[in-house]
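Participant: Quick one: the structure is below, questions incoming.
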Amino acid sequence: MNNKIYSNRAWWLILPMLLLVAFSAIIPLMTVVNYSVQDVFDANTRFFTGVEWFQETLNNPALQAALVRQFAFSLTVLAIEVPLGIGIALLMPKKGWQASAILILVTMPLLIPWNVVGSIWQIFTRGDIGLMGWGLRELGYGYNITRSAVDAWGTIILMDVWHWTPLIALLCYSGLRSIPDAYYQAARIDRASRWAVFRYIQLPKLTNVLVIGILLRFMHSFMIYAEPFVLTGGGPGNSTTFLSQSLTTMAIGQQDLGPSAAFSLIYFLIILLVCWVFYTAIMNLQKDKQLDKGA
Amino acid sequence: MNQSIPTTPEAVRKQAAAADARRRRQARPVSRQWRRRGLMTAYIVFVLLPVYWLLNMSFQSNSEILGALTLWPQDFTLEHYAKIFTDSNWYMGYVNSIAYVLMNMLISLAVALPAAYAFSRYRFIGDKHLFFWLLTNLMAPPAVFLLPYFQLYYTVGLFDTHVAVALAHCLFNIPLAVWILEGFMSSVPKEIDETAFIDGYSFPRFFVKIFIPMISSGIGVTLFFLFMFSWVELLLASTLTATNAQPIGSVMTQTKGASGIDWGALSAAGVLTILPGIVVVYFVRNHIAKGFALGRT
Amino acid sequence: MEWMVWTTPTAIFFSVIAVILLGMTAWELASPTIERRGFLPIATTRGDRLFIGLLCAAYIHLMVVGFTSISLWLALAISILWLVILMRWG
């Protein structure tokens, strides 16, 4: 569909959406920028501080550590969830009542409120009342997420895999369903191996949905807040404190408007850069596809 | 199976495919089939186990929970559910959550439909950049906007209302809706629009009568996503409300009493937050399989 | 508007952004952009280059503020120079 009509009247169709989103995005963003250069006590008592908050935030070792942890976390969950999601999509049955049943079961974790996900895992992993915590202790492993940073990390990653692999799996499942049967028949005539079918038929069809999946997953893991907050509270120590939680503690807990605004902006700039890289990648993929079709 | 001689090429192909599938099923080693099923079952167990545990807890009395660990409720009780359904503080949490989620779905869909149509059919100044800007809002961490939102809605006088949360969730839900719908609309051939206009349809009538039915599965998937992200979000929802519009998520934090956490009530409340999600998935299950790829395969 | 705690520098900043956007729109209406390849690895339009330039400017400012003691004005000068280079040859 690259033969779109050029018409600036289309702006009228966009306008209502634009006004609403601008109301909830641009006005707050402007306010954040204003906060970030001042020391605000209340609306009448405020001092201009210039770039001091930015300087402080960028050189704050706790926040730098949170940023590093954040990237480590996001990349780890992506590395686990993407292959696992593809695998599950390949395993899911394609028709019959089992297909519907499994679809509903697999989708379920996605629709649980994030703090409830935290609660579920909190209950599940507690040493005294949780199946997993109790089970691991019975097996002789001194599992304790409030003491051991390794256990806390492992649990949060497991929780995220539990929570979000379904998204990748469903995207891939629906990508796989769009492959015409003729492709598989042709592959069978050629006596293609299972691996060759995956590599040359299924994977190319999946690239588009995978890029979307990775983009969504990266962004959501980057702003993960409620689940670790409920499960570990960022501890033990600061070992599972991610960016969103540092920010929320600063903004709500300590009411430090200036520094948290500066932090927000830096956070936002990182997101913006990553988002742009992904977006450009998606657009170029689509462009290549259209060129292929045209040729 | 119909063994009569097929008459159309389509029927020939269908019959051949069916026969082929049967042959393959028989030829495939049984061990591999079992391995597939085994792996799938293992994953389903992994998904269900924590949820089962929550369900298990919700039917146990608090003394049983804190006593010995039991794999299923020994003395089955509904006291926690009874508590939730009789205490207005609790059940209003659900009503509030559902109220702002529905409002948000309505607002988002209403403004996203025309916008997505514009993006899928027209080129105009700044279209690509506008689209990208929308996506960045989808990615913006809610934590960034917490304080200004609080101030903004307080100033406008919407603080602690359902509308405030519904509007705040528009930040990420409208871009999401536009993005998904644009994918679906682009896969509808443009000739359909042109034919309808030649037939004398006005734009609004064409849009409602012809276009919307054509992308109904896209709308289904969009509603699924809108529900999902509004229902699961808590940070903004709890910041923008105090008592009148408090979402269930923040009511749940009240289970921390003086005598520790009320595990039973927490579990029961958790189970009840899962149910609406299951209902929604059930309704859109057939659309999900096809439409989850957002029209971009 | 009081709660938005405006200051002169941020007001100027947003005005400049608004003026740039309006200017780009006017320029686009006067002579539509053509997508082309410059020294950047992807084909870009005028608007893309502006965005890349502004994003770079933000990062340049952050680096200068955070990790050096160079004057901000210098960062601004570098950013504008880089923006011009991008717009012309990017």
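Simple scheme: letters A, B, ... for chains in structure tokens order, numbers from 1 for residues in each chain, numbers from 1 for ligands in the order shown.
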Near stretch 28-31 of chain C, counting only C-alpha atoms, which residues have an atom at most 10 Å away, once you skip same-chain residues fewer than 6 positions from it, shown as a list in words?
Facilitator: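 Near stretch 28-31 of chain C, the qualifying residues are Ile125 and Gly126 of chain B; Leu22, Arg46 and Gly47 of chain C.
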Participant: Using the selection just defined, write its residues with N, CA and C atoms as a PDB file, in the first residue's frame.
Facilitator:
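Wrote it out as result38.pdb, contents follow:
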ATOM      1  N   ILE B 125       2.098  16.301   5.589  1.00  0.00           N
ATOM      2  CA  ILE B 125       3.319  16.864   6.157  1.00  0.00           C
ATOM      3  C   ILE B 125       3.518  16.354   7.580  1.00  0.00           C
ATOM      4  N   GLY B 126       4.682  15.779   7.815  1.00  0.00           N
ATOM      5  CA  GLY B 126       5.019  15.362   9.170  1.00  0.00           C
ATOM      6  C   GLY B 126       4.389  14.047   9.584  1.00  0.00           C
TER       7      GLY B 126
ATOM      8  N   LEU C  22       7.520  25.083  13.124  1.00  0.00           N
ATOM      9  CA  LEU C  22       6.726  25.894  12.192  1.00  0.00           C
ATOM     10  C   LEU C  22       7.526  26.180  10.939  1.00  0.00           C
ATOM     11  N   ARG C  46      14.459  15.718   5.296  1.00  0.00           N
ATOM     12  CA  ARG C  46      14.869  16.878   6.081  1.00  0.00           C
ATOM     13  C   ARG C  46      14.461  16.720   7.548  1.00  0.00           C
ATOM     14  N   GLY C  47      13.219  16.287   7.748  1.00  0.00           N
ATOM     15  CA  GLY C  47      12.717  16.142   9.106  1.00  0.00           C
ATOM     16  C   GLY C  47      13.505  15.112   9.899  1.00  0.00           C
TER      17      GLY C  47
END
Participant: Give me, as JSON, numbers by chain, the contact residues of chain B against chain A at a cut-off of 7 Å, counting only C-alpha atoms.
Facilitator: {"B": [36, 40, 47, 50, 51, 53, 54, 65, 66, 69, 111, 112, 114, 115, 118, 121, 122, 123, 124, 125, 136, 139, 140, 141, 143, 144, 145, 148, 149, 168, 170, 171, 186, 228, 231, 232, 233, 249, 270, 273, 274, 277, 278, 281, 282, 285, 289, 290, 291, 292, 293, 296, 297]}
Participant: Counting only C-alpha atoms, which residue out of B:Leu113, B:Leu130, B:Val101, B:Leu138 sits closest to B:Ala164?
Facilitator: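 When distances to B:Ala164 are compared using only C-alpha atoms, the smallest one comes from B:Val101.
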Participant: Identify every residue of chain C that has at least one atom within 12 Å of any atom of chain A, counting only C-alpha atoms, and report the result as number ranges by chain.
Facilitator: C: 1-15, 17, 25, 28-29, 32, 41-44, 48, 51-52, 54-69, 71-72
Participant: So the first atom is atom CA of A:Gln70 and the second is atom CA of B:Val251; what is the distance between them in Å, to one decimal place?
Facilitator: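 Answer for the atom CA of A:Gln70 to atom CA of B:Val251 separation: 28.8 Å.
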Participant: Nearest residue to chain B out of C:Leu40, C:Ile85, C:Leu21, C:Ile80, using only C-alpha atoms?
Facilitator: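 Closest to chain B of all the choices is C:Leu21.
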Participant: Report the distance between atom CA of B:Phe131 and atom CA of B:Ile210 in Å, rounded to one decimal place.
Facilitator: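 Answer for the atom CA of B:Phe131 to atom CA of B:Ile210 separation: 25.5 Å.
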